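Data file: protein-v4.cif. Format and content: mmCIF, C-alpha atoms.
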```cif
data_start
#
loop_
_atom_site.group_PDB
_atom_site.id
_atom_site.type_symbol
_atom_site.label_atom_id
_atom_site.label_comp_id
_atom_site.auth_asym_id
_atom_site.auth_seq_id
_atom_site.Cartn_x
_atom_site.Cartn_y
_atom_site.Cartn_z
ATOM 1 C CA MET Q 1 -35.998 -1.211 32.453
ATOM 2 C CA PRO Q 2 -37.278 1.509 30.132
ATOM 3 C CA ARG Q 3 -34.702 3.175 27.980
ATOM 4 C CA THR Q 4 -35.751 6.346 26.260
ATOM 5 C CA HIS Q 5 -34.217 9.099 24.210
ATOM 6 C CA GLY Q 6 -35.108 12.093 26.388
ATOM 7 C CA ASP Q 7 -36.460 15.445 25.381
ATOM 8 C CA PRO Q 8 -33.627 16.948 23.365
ATOM 9 C CA LEU Q 9 -31.905 20.135 24.333
ATOM 10 C CA SER Q 10 -31.925 23.069 21.965
ATOM 11 C CA ALA Q 11 -28.699 23.966 20.205
ATOM 12 C CA HIS Q 12 -28.178 27.157 22.193
ATOM 13 C CA LYS Q 13 -28.482 25.311 25.518
ATOM 14 C CA LEU Q 14 -26.098 22.488 24.683
ATOM 15 C CA PRO Q 15 -23.653 23.238 21.878
ATOM 16 C CA ARG Q 16 -22.618 19.921 20.393
ATOM 17 C CA GLY Q 17 -18.994 20.694 20.979
ATOM 18 C CA SER Q 18 -19.519 20.977 24.749
ATOM 19 C CA GLN Q 19 -20.935 17.522 25.349
ATOM 20 C CA THR Q 20 -19.133 14.974 27.456
ATOM 21 C CA SER Q 21 -17.885 11.898 25.636
ATOM 22 C CA PHE Q 22 -15.336 9.144 26.143
ATOM 23 C CA ARG Q 23 -12.304 10.090 24.086
ATOM 24 C CA PRO Q 24 -8.886 8.501 24.407
ATOM 25 C CA HIS Q 25 -5.802 10.461 25.365
ATOM 26 C CA VAL Q 26 -3.514 9.439 22.543
ATOM 27 C CA SER Q 27 0.244 9.677 22.835
ATOM 28 C CA PHE Q 28 1.801 9.442 19.401
ATOM 29 C CA SER Q 29 5.122 7.633 19.134
ATOM 30 C CA TYR Q 30 7.094 8.152 15.969
ATOM 31 C CA PRO Q 31 9.873 5.876 14.701
ATOM 32 C CA VAL Q 32 13.391 6.933 15.640
ATOM 33 C CA LEU Q 33 16.763 6.191 14.110
ATOM 34 C CA GLN Q 34 18.636 3.156 15.375
ATOM 35 C CA ARG Q 35 21.152 4.016 18.086
ATOM 36 C CA SER Q 36 23.908 2.088 19.758
ATOM 37 C CA ALA Q 37 23.173 -0.068 22.806
ATOM 38 C CA ALA Q 38 25.192 2.335 24.955
ATOM 39 C CA GLN Q 39 23.112 5.308 23.829
ATOM 40 C CA ARG Q 40 19.865 3.461 24.428
ATOM 41 C CA SER Q 41 20.830 2.199 27.882
ATOM 42 C CA SER Q 42 21.945 5.665 28.948
ATOM 43 C CA ASN Q 43 18.595 7.140 28.006
ATOM 44 C CA PRO Q 44 15.823 4.837 29.270
ATOM 45 C CA GLY Q 45 12.427 6.221 28.337
ATOM 46 C CA LEU Q 46 8.946 6.139 29.740
ATOM 47 C CA HIS Q 47 7.513 4.885 26.455
ATOM 48 C CA SER Q 48 8.664 2.696 23.583
ATOM 49 C CA ARG Q 49 8.996 3.284 19.851
ATOM 50 C CA TRP Q 50 9.454 1.090 16.805
ATOM 51 C CA ILE Q 51 12.115 1.776 14.220
ATOM 52 C CA ASP Q 52 11.229 1.499 10.549
ATOM 53 C CA ARG Q 53 13.361 -1.466 9.460
ATOM 54 C CA PRO Q 54 13.718 -5.052 10.690
ATOM 55 C CA ILE Q 55 16.704 -5.825 12.907
ATOM 56 C CA ASP Q 56 18.135 -9.281 13.474
ATOM 57 C CA SER Q 57 17.982 -9.312 17.272
ATOM 58 C CA GLY Q 58 16.016 -7.853 20.149
ATOM 59 C CA THR Q 59 12.328 -7.503 20.923
ATOM 60 C CA HIS Q 60 10.127 -7.158 17.842
ATOM 61 C CA ASN Q 61 6.524 -6.345 17.139
ATOM 62 C CA ALA Q 62 4.358 -8.423 14.832
ATOM 63 C CA ALA Q 63 5.641 -6.430 11.872
ATOM 64 C CA GLY Q 64 9.256 -7.346 12.672
ATOM 65 C CA ARG Q 65 10.193 -3.923 14.039
ATOM 66 C CA ARG Q 66 12.493 -3.790 17.004
ATOM 67 C CA LEU Q 67 11.285 -2.088 20.173
ATOM 68 C CA LEU Q 68 13.580 0.692 21.267
ATOM 69 C CA PRO Q 69 13.259 2.806 24.417
ATOM 70 C CA ALA Q 70 12.058 6.317 23.709
ATOM 71 C CA ARG Q 71 13.475 9.340 25.408
ATOM 72 C CA SER Q 72 12.376 10.116 28.925
ATOM 73 C CA ILE Q 73 9.776 12.814 29.381
ATOM 74 C CA PRO Q 74 11.576 15.434 31.500
ATOM 75 C CA ASP Q 75 9.994 17.401 34.298
ATOM 76 C CA GLU Q 76 10.172 21.188 34.388
ATOM 77 C CA GLY Q 77 13.557 21.182 36.100
ATOM 78 C CA THR Q 78 15.296 19.049 33.507
ATOM 79 C CA LYS Q 79 13.776 20.277 30.239
ATOM 80 C CA MET Q 80 16.737 22.459 29.287
ATOM 81 C CA SER Q 81 19.323 19.741 29.941
ATOM 82 C CA ALA Q 82 17.173 17.204 28.105
ATOM 83 C CA ALA Q 83 16.976 19.503 25.072
ATOM 84 C CA ALA Q 84 20.738 19.908 25.088
ATOM 85 C CA SER Q 85 21.145 16.141 25.312
ATOM 86 C CA GLU Q 86 18.877 15.721 22.287
ATOM 87 C CA ASP Q 87 21.075 18.038 20.209
ATOM 88 C CA GLU Q 88 24.200 16.150 21.220
ATOM 89 C CA GLU Q 89 22.600 12.793 20.447
ATOM 90 C CA LEU Q 90 21.635 13.453 16.808
ATOM 91 C CA SER Q 91 24.150 14.138 14.101
ATOM 92 C CA PRO Q 92 23.215 16.720 11.438
ATOM 93 C CA ALA Q 93 22.435 13.889 9.020
ATOM 94 C CA GLU Q 94 20.179 12.184 11.566
ATOM 95 C CA ALA Q 95 18.429 15.467 12.296
ATOM 96 C CA ARG Q 96 17.731 16.005 8.597
ATOM 97 C CA LEU Q 97 16.327 12.490 8.269
ATOM 98 C CA ALA Q 98 14.139 13.050 11.328
ATOM 99 C CA MET Q 99 12.783 16.256 9.804
ATOM 100 C CA MET Q 100 12.103 14.511 6.495
ATOM 101 C CA GLU Q 101 10.071 11.956 8.384
ATOM 102 C CA LEU Q 102 8.067 14.679 10.113
ATOM 103 C CA ALA Q 103 7.433 16.376 6.778
ATOM 104 C CA ASN Q 104 6.096 13.138 5.286
ATOM 105 C CA MET Q 105 4.147 11.998 8.332
ATOM 106 C CA ILE Q 106 0.838 12.682 6.565
ATOM 107 C CA SER Q 107 1.462 9.622 4.399
ATOM 108 C CA VAL Q 108 0.668 7.304 7.335
ATOM 109 C CA PRO Q 109 -2.916 8.406 8.133
ATOM 110 C CA MET Q 110 -3.658 8.805 4.435
ATOM 111 C CA ALA Q 111 -2.419 5.267 3.721
ATOM 112 C CA LEU Q 112 -4.474 3.983 6.644
ATOM 113 C CA THR Q 113 -7.572 5.743 5.352
ATOM 114 C CA ALA Q 114 -7.039 4.290 1.884
ATOM 115 C CA ALA Q 115 -6.707 0.754 3.259
ATOM 116 C CA ILE Q 116 -9.939 1.166 5.246
ATOM 117 C CA ARG Q 117 -11.841 2.554 2.265
ATOM 118 C CA LEU Q 118 -10.701 -0.433 0.226
ATOM 119 C CA GLY Q 119 -12.034 -2.797 2.891
ATOM 120 C CA VAL Q 120 -8.644 -4.345 3.615
ATOM 121 C CA PRO Q 121 -9.023 -4.928 7.392
ATOM 122 C CA GLY Q 122 -12.384 -6.679 7.034
ATOM 123 C CA ALA Q 123 -11.201 -8.811 4.113
ATOM 124 C CA ILE Q 124 -8.182 -10.044 6.066
ATOM 125 C CA TRP Q 125 -10.082 -10.583 9.311
ATOM 126 C CA ALA Q 126 -12.882 -12.566 7.600
ATOM 127 C CA ASP Q 127 -14.858 -13.377 10.760
ATOM 128 C CA GLY Q 128 -11.726 -14.118 12.767
ATOM 129 C CA ALA Q 129 -9.682 -16.070 10.235
ATOM 130 C CA ASN Q 130 -7.008 -13.353 9.956
ATOM 131 C CA ALA Q 131 -5.275 -15.443 7.310
ATOM 132 C CA PRO Q 132 -2.415 -13.529 5.661
ATOM 133 C CA LEU Q 133 -3.411 -12.229 2.220
ATOM 134 C CA SER Q 134 -1.383 -10.673 -0.559
ATOM 135 C CA ALA Q 135 -2.183 -7.366 -2.216
ATOM 136 C CA ALA Q 136 -3.397 -9.304 -5.268
ATOM 137 C CA ASP Q 137 -5.794 -11.256 -3.030
ATOM 138 C CA LEU Q 138 -7.243 -7.974 -1.775
ATOM 139 C CA LEU Q 139 -7.817 -6.373 -5.181
ATOM 140 C CA PRO Q 140 -10.049 -7.278 -8.127
ATOM 141 C CA ALA Q 141 -8.675 -10.123 -10.226
ATOM 142 C CA ASP Q 142 -8.108 -7.842 -13.208
ATOM 143 C CA HIS Q 143 -6.189 -5.171 -11.269
ATOM 144 C CA PRO Q 144 -3.216 -4.099 -13.434
ATOM 145 C CA ASP Q 145 -0.647 -3.580 -10.651
ATOM 146 C CA PRO Q 146 -1.202 -4.986 -7.126
ATOM 147 C CA SER Q 147 2.233 -3.703 -6.109
ATOM 148 C CA VAL Q 148 0.746 -0.232 -5.533
ATOM 149 C CA LEU Q 149 -1.388 -1.593 -2.695
ATOM 150 C CA GLU Q 150 1.471 -3.744 -1.444
ATOM 151 C CA ARG Q 151 3.617 -0.657 -0.901
ATOM 152 C CA VAL Q 152 0.834 0.941 1.143
ATOM 153 C CA LEU Q 153 0.446 -2.204 3.252
ATOM 154 C CA ARG Q 154 4.199 -2.385 3.859
ATOM 155 C CA LEU Q 155 4.158 1.227 5.067
ATOM 156 C CA LEU Q 156 1.360 0.366 7.501
ATOM 157 C CA ALA Q 157 3.202 -2.803 8.557
ATOM 158 C CA SER Q 158 6.133 -0.602 9.557
ATOM 159 C CA ARG Q 159 3.682 1.149 11.892
ATOM 160 C CA GLY Q 160 2.379 -2.057 13.414
ATOM 161 C CA VAL Q 161 -1.042 -2.140 11.732
ATOM 162 C CA PHE Q 162 -0.279 -5.277 9.714
ATOM 163 C CA SER Q 163 2.201 -8.106 10.132
ATOM 164 C CA GLU Q 164 4.106 -9.048 6.992
ATOM 165 C CA HIS Q 165 4.661 -12.686 5.993
ATOM 166 C CA HIS Q 166 6.800 -14.078 3.178
ATOM 167 C CA GLY Q 167 5.892 -17.112 1.127
ATOM 168 C CA PRO Q 168 7.527 -18.849 -1.832
ATOM 169 C CA GLY Q 169 7.013 -17.318 -5.231
ATOM 170 C CA PRO Q 170 8.305 -17.931 -8.755
ATOM 171 C CA ALA Q 171 10.815 -15.085 -8.738
ATOM 172 C CA GLU Q 172 10.771 -13.556 -5.271
ATOM 173 C CA PRO Q 173 8.877 -14.128 -1.996
ATOM 174 C CA THR Q 174 5.195 -13.278 -2.041
ATOM 175 C CA ARG Q 175 4.368 -10.803 0.686
ATOM 176 C CA ARG Q 176 1.171 -11.434 2.621
ATOM 177 C CA PHE Q 177 -0.379 -9.372 5.367
ATOM 178 C CA ALA Q 178 -2.407 -10.118 8.507
ATOM 179 C CA LEU Q 179 -3.829 -7.852 11.190
ATOM 180 C CA THR Q 180 -1.851 -7.153 14.360
ATOM 181 C CA ALA Q 181 -3.524 -6.268 17.661
ATOM 182 C CA VAL Q 182 -3.436 -2.647 16.503
ATOM 183 C CA GLY Q 183 -4.970 -3.565 13.151
ATOM 184 C CA ARG Q 184 -7.744 -5.546 14.822
ATOM 185 C CA THR Q 185 -9.105 -2.326 16.317
ATOM 186 C CA LEU Q 186 -10.259 -1.567 12.759
ATOM 187 C CA VAL Q 187 -12.624 -4.553 12.867
ATOM 188 C CA PRO Q 188 -16.077 -4.180 14.493
ATOM 189 C CA ALA Q 189 -16.296 -5.803 17.903
ATOM 190 C CA GLY Q 190 -18.994 -3.872 19.804
ATOM 191 C CA PRO Q 191 -22.773 -4.129 19.570
ATOM 192 C CA SER Q 192 -23.103 -1.211 17.136
ATOM 193 C CA GLY Q 193 -20.831 -2.688 14.468
ATOM 194 C CA ALA Q 194 -18.614 0.415 14.640
ATOM 195 C CA SER Q 195 -14.852 0.266 15.117
ATOM 196 C CA TYR Q 196 -11.769 2.455 15.118
ATOM 197 C CA ALA Q 197 -11.959 2.324 11.329
ATOM 198 C CA ASP Q 198 -14.904 4.721 11.604
ATOM 199 C CA TYR Q 199 -12.825 6.932 13.880
ATOM 200 C CA VAL Q 200 -10.036 7.046 11.282
ATOM 201 C CA LEU Q 201 -12.492 7.880 8.499
ATOM 202 C CA GLN Q 202 -14.044 10.616 10.629
ATOM 203 C CA HIS Q 203 -10.717 12.333 11.201
ATOM 204 C CA HIS Q 204 -9.776 12.195 7.539
ATOM 205 C CA GLN Q 205 -12.954 13.315 5.849
ATOM 206 C CA ASP Q 206 -12.189 15.820 3.114
ATOM 207 C CA ALA Q 207 -13.979 18.585 5.026
ATOM 208 C CA LEU Q 208 -11.734 18.150 8.075
ATOM 209 C CA VAL Q 209 -8.523 17.706 6.121
ATOM 210 C CA LEU Q 210 -9.162 21.046 4.412
ATOM 211 C CA ALA Q 211 -9.022 22.788 7.789
ATOM 212 C CA TRP Q 212 -5.407 21.902 8.584
ATOM 213 C CA PRO Q 213 -3.749 24.260 6.053
ATOM 214 C CA ARG Q 214 -5.602 27.133 7.778
ATOM 215 C CA LEU Q 215 -4.187 26.386 11.233
ATOM 216 C CA HIS Q 216 -1.520 29.094 11.030
ATOM 217 C CA GLU Q 217 -4.213 31.699 10.320
ATOM 218 C CA ALA Q 218 -6.075 30.734 13.496
ATOM 219 C CA LEU Q 219 -2.835 30.931 15.490
ATOM 220 C CA LEU Q 220 -2.285 34.506 14.295
ATOM 221 C CA ASP Q 221 -5.918 35.411 14.995
ATOM 222 C CA PRO Q 222 -7.061 33.306 17.997
ATOM 223 C CA ALA Q 223 -10.160 35.446 18.504
ATOM 224 C CA GLY Q 224 -11.271 34.774 14.945
ATOM 225 C CA PRO Q 225 -12.886 31.738 13.341
ATOM 226 C CA GLU Q 226 -11.611 28.222 13.957
ATOM 227 C CA PRO Q 227 -9.575 26.622 11.123
ATOM 228 C CA PHE Q 228 -12.575 24.569 9.988
ATOM 229 C CA ALA Q 229 -14.749 27.668 9.637
ATOM 230 C CA ARG Q 230 -11.975 29.461 7.747
ATOM 231 C CA ALA Q 231 -11.885 26.590 5.247
ATOM 232 C CA HIS Q 232 -15.685 26.519 4.868
ATOM 233 C CA ARG Q 233 -16.716 30.144 4.416
ATOM 234 C CA GLY Q 234 -17.349 30.782 8.096
ATOM 235 C CA LEU Q 235 -19.350 27.606 8.792
ATOM 236 C CA PRO Q 236 -18.274 25.965 12.088
ATOM 237 C CA ALA Q 237 -17.767 22.207 12.238
ATOM 238 C CA TYR Q 238 -20.962 21.231 14.019
ATOM 239 C CA ALA Q 239 -23.069 23.517 11.856
ATOM 240 C CA PHE Q 240 -21.487 21.735 8.891
ATOM 241 C CA TYR Q 241 -22.433 18.342 10.336
ATOM 242 C CA ALA Q 242 -26.000 19.550 10.823
ATOM 243 C CA GLN Q 243 -26.187 20.298 7.096
ATOM 244 C CA ASP Q 244 -24.285 17.298 5.741
ATOM 245 C CA LYS Q 245 -26.065 14.077 6.706
ATOM 246 C CA GLU Q 246 -23.380 11.763 5.329
ATOM 247 C CA ALA Q 247 -20.551 13.536 7.149
ATOM 248 C CA ASN Q 248 -22.598 13.573 10.345
ATOM 249 C CA GLU Q 249 -23.190 9.828 10.143
ATOM 250 C CA VAL Q 250 -19.451 9.216 9.726
ATOM 251 C CA MET Q 251 -18.768 11.410 12.756
ATOM 252 C CA LEU Q 252 -21.374 9.646 14.917
ATOM 253 C CA ARG Q 253 -20.049 6.198 13.974
ATOM 254 C CA GLY Q 254 -16.509 7.366 14.720
ATOM 255 C CA MET Q 255 -17.504 8.489 18.211
ATOM 256 C CA THR Q 256 -19.389 5.232 18.790
ATOM 257 C CA GLY Q 257 -16.444 3.132 17.628
ATOM 258 C CA VAL Q 258 -14.200 4.849 20.172
ATOM 259 C CA SER Q 259 -16.710 5.009 23.031
ATOM 260 C CA GLU Q 260 -17.787 1.363 23.119
ATOM 261 C CA PRO Q 261 -14.435 -0.220 24.078
ATOM 262 C CA PHE Q 262 -13.807 2.517 26.622
ATOM 263 C CA MET Q 263 -17.211 1.943 28.155
ATOM 264 C CA GLU Q 264 -16.538 -1.808 28.297
ATOM 265 C CA ALA Q 265 -13.292 -1.131 30.160
ATOM 266 C CA LEU Q 266 -15.014 1.314 32.491
ATOM 267 C CA LEU Q 267 -17.771 -1.149 33.322
ATOM 268 C CA ASP Q 268 -15.274 -3.924 33.977
ATOM 269 C CA GLY Q 269 -13.829 -1.884 36.837
ATOM 270 C CA TYR Q 270 -16.566 0.533 37.833
ATOM 271 C CA ALA Q 271 -19.917 -1.260 37.552
ATOM 272 C CA GLY Q 272 -20.319 -1.023 41.335
ATOM 273 C CA GLY Q 273 -20.338 2.759 41.068
ATOM 274 C CA PHE Q 274 -23.889 2.598 39.703
ATOM 275 C CA GLU Q 275 -25.281 0.680 42.691
ATOM 276 C CA ASP Q 276 -27.578 3.436 43.976
ATOM 277 C CA VAL Q 277 -28.540 4.850 40.562
ATOM 278 C CA ARG Q 278 -32.158 4.349 39.523
ATOM 279 C CA THR Q 279 -32.406 6.898 36.703
ATOM 280 C CA LEU Q 280 -29.349 7.459 34.501
ATOM 281 C CA VAL Q 281 -29.096 10.425 32.096
ATOM 282 C CA ASP Q 282 -26.402 10.413 29.408
ATOM 283 C CA VAL Q 283 -25.920 14.088 28.525
ATOM 284 C CA GLY Q 284 -24.643 14.338 24.972
ATOM 285 C CA GLY Q 285 -25.251 10.605 24.573
ATOM 286 C CA SER Q 286 -25.316 10.626 20.759
ATOM 287 C CA SER Q 287 -26.742 7.288 19.565
ATOM 288 C CA GLY Q 288 -27.370 6.061 23.107
ATOM 289 C CA ALA Q 289 -24.984 3.133 22.629
ATOM 290 C CA CYS Q 290 -23.060 3.779 25.863
ATOM 291 C CA LEU Q 291 -26.256 4.234 27.864
ATOM 292 C CA ASP Q 292 -27.527 0.944 26.492
ATOM 293 C CA MET Q 293 -24.267 -0.824 27.422
ATOM 294 C CA ILE Q 294 -24.451 0.458 30.999
ATOM 295 C CA MET Q 295 -28.056 -0.581 31.452
ATOM 296 C CA ARG Q 296 -27.447 -4.048 30.068
ATOM 297 C CA ARG Q 297 -24.661 -4.550 32.620
ATOM 298 C CA VAL Q 298 -26.323 -2.838 35.604
ATOM 299 C CA GLY Q 299 -29.726 -4.370 36.202
ATOM 300 C CA THR Q 300 -30.668 -2.038 39.050
ATOM 301 C CA ILE Q 301 -31.050 1.040 36.821
ATOM 302 C CA ALA Q 302 -34.778 1.495 36.252
ATOM 303 C CA GLN Q 303 -34.727 4.237 33.622
ATOM 304 C CA GLY Q 304 -32.215 5.564 31.110
ATOM 305 C CA ILE Q 305 -32.494 8.874 29.253
ATOM 306 C CA ASN Q 306 -30.360 9.828 26.284
ATOM 307 C CA PHE Q 307 -30.137 13.643 26.295
ATOM 308 C CA ASP Q 308 -28.758 15.381 23.202
ATOM 309 C CA LEU Q 309 -29.518 17.871 20.428
ATOM 310 C CA PRO Q 310 -32.793 17.500 18.499
ATOM 311 C CA ASP Q 311 -31.240 16.255 15.262
ATOM 312 C CA VAL Q 312 -29.035 13.778 17.137
ATOM 313 C CA VAL Q 313 -31.903 12.304 19.152
ATOM 314 C CA ALA Q 314 -34.113 12.136 16.050
ATOM 315 C CA ALA Q 315 -31.492 10.065 14.222
ATOM 316 C CA ALA Q 316 -30.647 7.805 17.182
ATOM 317 C CA PRO Q 317 -31.647 4.147 16.768
ATOM 318 C CA PRO Q 318 -34.216 2.592 19.114
ATOM 319 C CA ILE Q 319 -32.787 1.287 22.359
ATOM 320 C CA ALA Q 320 -33.868 -2.243 23.162
ATOM 321 C CA GLU Q 321 -35.944 -2.849 26.283
#
```
Rewrite the coordinates I just gave you, this time as structure tokens.
Amino acid sequence: MPRTHGDPLSAHKLPRGSQTSFRPHVSFSYPVLQRSAAQRSSNPGLHSRWIDRPIDSGTHNAAGRRLLPARSIPDEGTKMSAAASEDEELSPAEARLAMMELANMISVPMALTAAIRLGVPGAIWADGANAPLSAADLLPADHPDPSVLERVLRLLASRGVFSEHHGPGPAEPTRRFALTAVGRTLVPAGPSGASYADYVLQHHQDALVLAWPRLHEALLDPAGPEPFARAHRGLPAYAFYAQDKEANEVMLRGMTGVSEPFMEALLDGYAGGFEDVRTLVDVGGSSGACLDMIMRRVGTIAQGINFDLPDVVAAAPPIAE
């Protein structure tokens, strides 16, 4: 079954931003303040959220956070009444605390990025051991203050990335951390060696983070440059990637880390959909990893072509026969 990287399209025919790729639809759930059982039962939600502190009873995640029902997502006819109910449900003090949390929300992705850059997920996972480690275990032996990392890990434990374990210590319990199911997505599992850690790093590269403070300018001038271009002297994101090899590699690994598990799930339930396909073209296929996964699972495909921009195809790794 020959697998080839096809003749690349020119940039004006296939802008990188228009390619088709497997991207998850993410629904963010933020911690909410603890409410009484009566309030929770009267407002059953479609999703679930974790509160930020351990509670003695109820359903908990691996980090010891209790699962509370989130608010229902109203349809068009009930949005106004739902909004009124929200105002009645929160006291002024609760509303202020909720707004403080929103204002400080950036601390979570930044803490996650720091933990990834320090190699924490891989060190804990250690080829599947996932043995709980302390902050001191994860830092150089001569580190002056492991508690700084411990505070970051506890923040991420409150978000379900790590589970927190206590062990005996001379003065107080030693906190150790292991990966939860969420945290294990940061460990490579697919054939490329990429993971969701690459996706996190992609979204929090300095060049992308600089674009967010310019969002309000783009909202006032929607016909003007995108926020990224405003932060980079008019240079759009994909033109930036074309010029910055390191940033482009981070972006490509991030897309691969996300695409592989989605492709595995798709193939588990849709492999029969390729029954009559003899030649398969992946338009905007990036590294060709997804095309390779399909062809390894579907033996009837005779030829695979990875079709993308010239610089992308040139940098794509060989696809095994």
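Coordinates place atom CA of Q:Ala197 at a distance of 20.2 Å from atom CA of Q:Glu164.
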### Query
For Q:Leu112, which of Q:Leu149, Q:Val313, Q:Ala237, Q:Ala98 is the closest residue, counting only C-alpha atoms?
Q:Leu149
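Residue nearest Q:Ala131 within the list Q:Val281, Q:Leu267, Q:Leu179, Q:Val187: Q:Leu179 [criterion: smallest interatomic distance, all atoms listed in the file].
Proximity of Q:Ala115, Q:Leu215, Q:Ala178, Q:Met255 to Q:Val148, computed with all atoms listed in the file, is greatest for Q:Ala115.
With all atoms listed in the file as the atoms that count, the minimum distance from Q:Val209 to the choices Q:Leu252, Q:Ala231, Q:Cys290, Q:Ala93 is reached by Q:Ala231.
Taking only C-alpha atoms into account, Q:Ile319 lies nearest to Q:Leu291 out of the set Q:Met110, Q:Leu220, Q:Met251, Q:Leu291.
Every residue within 7 Å of the file position (-29.9, 7.0, 17.7), judged by all atoms listed in the file, is given as Ser286, Ser287, Gly288, Val312, Val313, Ala314, Ala315, Ala316, Pro317 and Pro318 of chain Q.
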#### Entry: Point-to-point distance from atom CA of Q:Arg214 to atom CA of Q:Arg230, Å rounded to tenths
6.8 Å
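The nearest approach to Q:Arg151 among the residues Q:Ala126, Q:Val283, Q:Val108, Q:Leu235, with only C-alpha atoms taken into account, belongs to Q:Val108.
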### Query
Applied to this file, what does the PyMOL selection byres ((chain Q and resi 120) around 12) return in terms of residues, put as a PyMOL selection string?
chain Q and resi 111-119+121-126+130+132-139+149-150+152-153+156+161-162+177-179+183-184+186-187+197
### Task
Could you give me, as JSON, numbers by chain, the residues within 8 Å of Q:Gly193, counting all atoms listed in the file and dropping anything in the same chain fewer than 4 positions from it?
{"Q": [188, 189, 257]}
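The interatomic distance for the pair atom CA of Q:Leu90 and atom CA of Q:Ser107 works out to 24.0 Å.
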### Task
Identify, on the basis of all atoms listed in the file, every residue whose closest approach to Q:Val277 does not exceed 12 Å; exclude the query and any residue fewer than 4 positions from it along the same chain; express the result as a count of residues only.
13
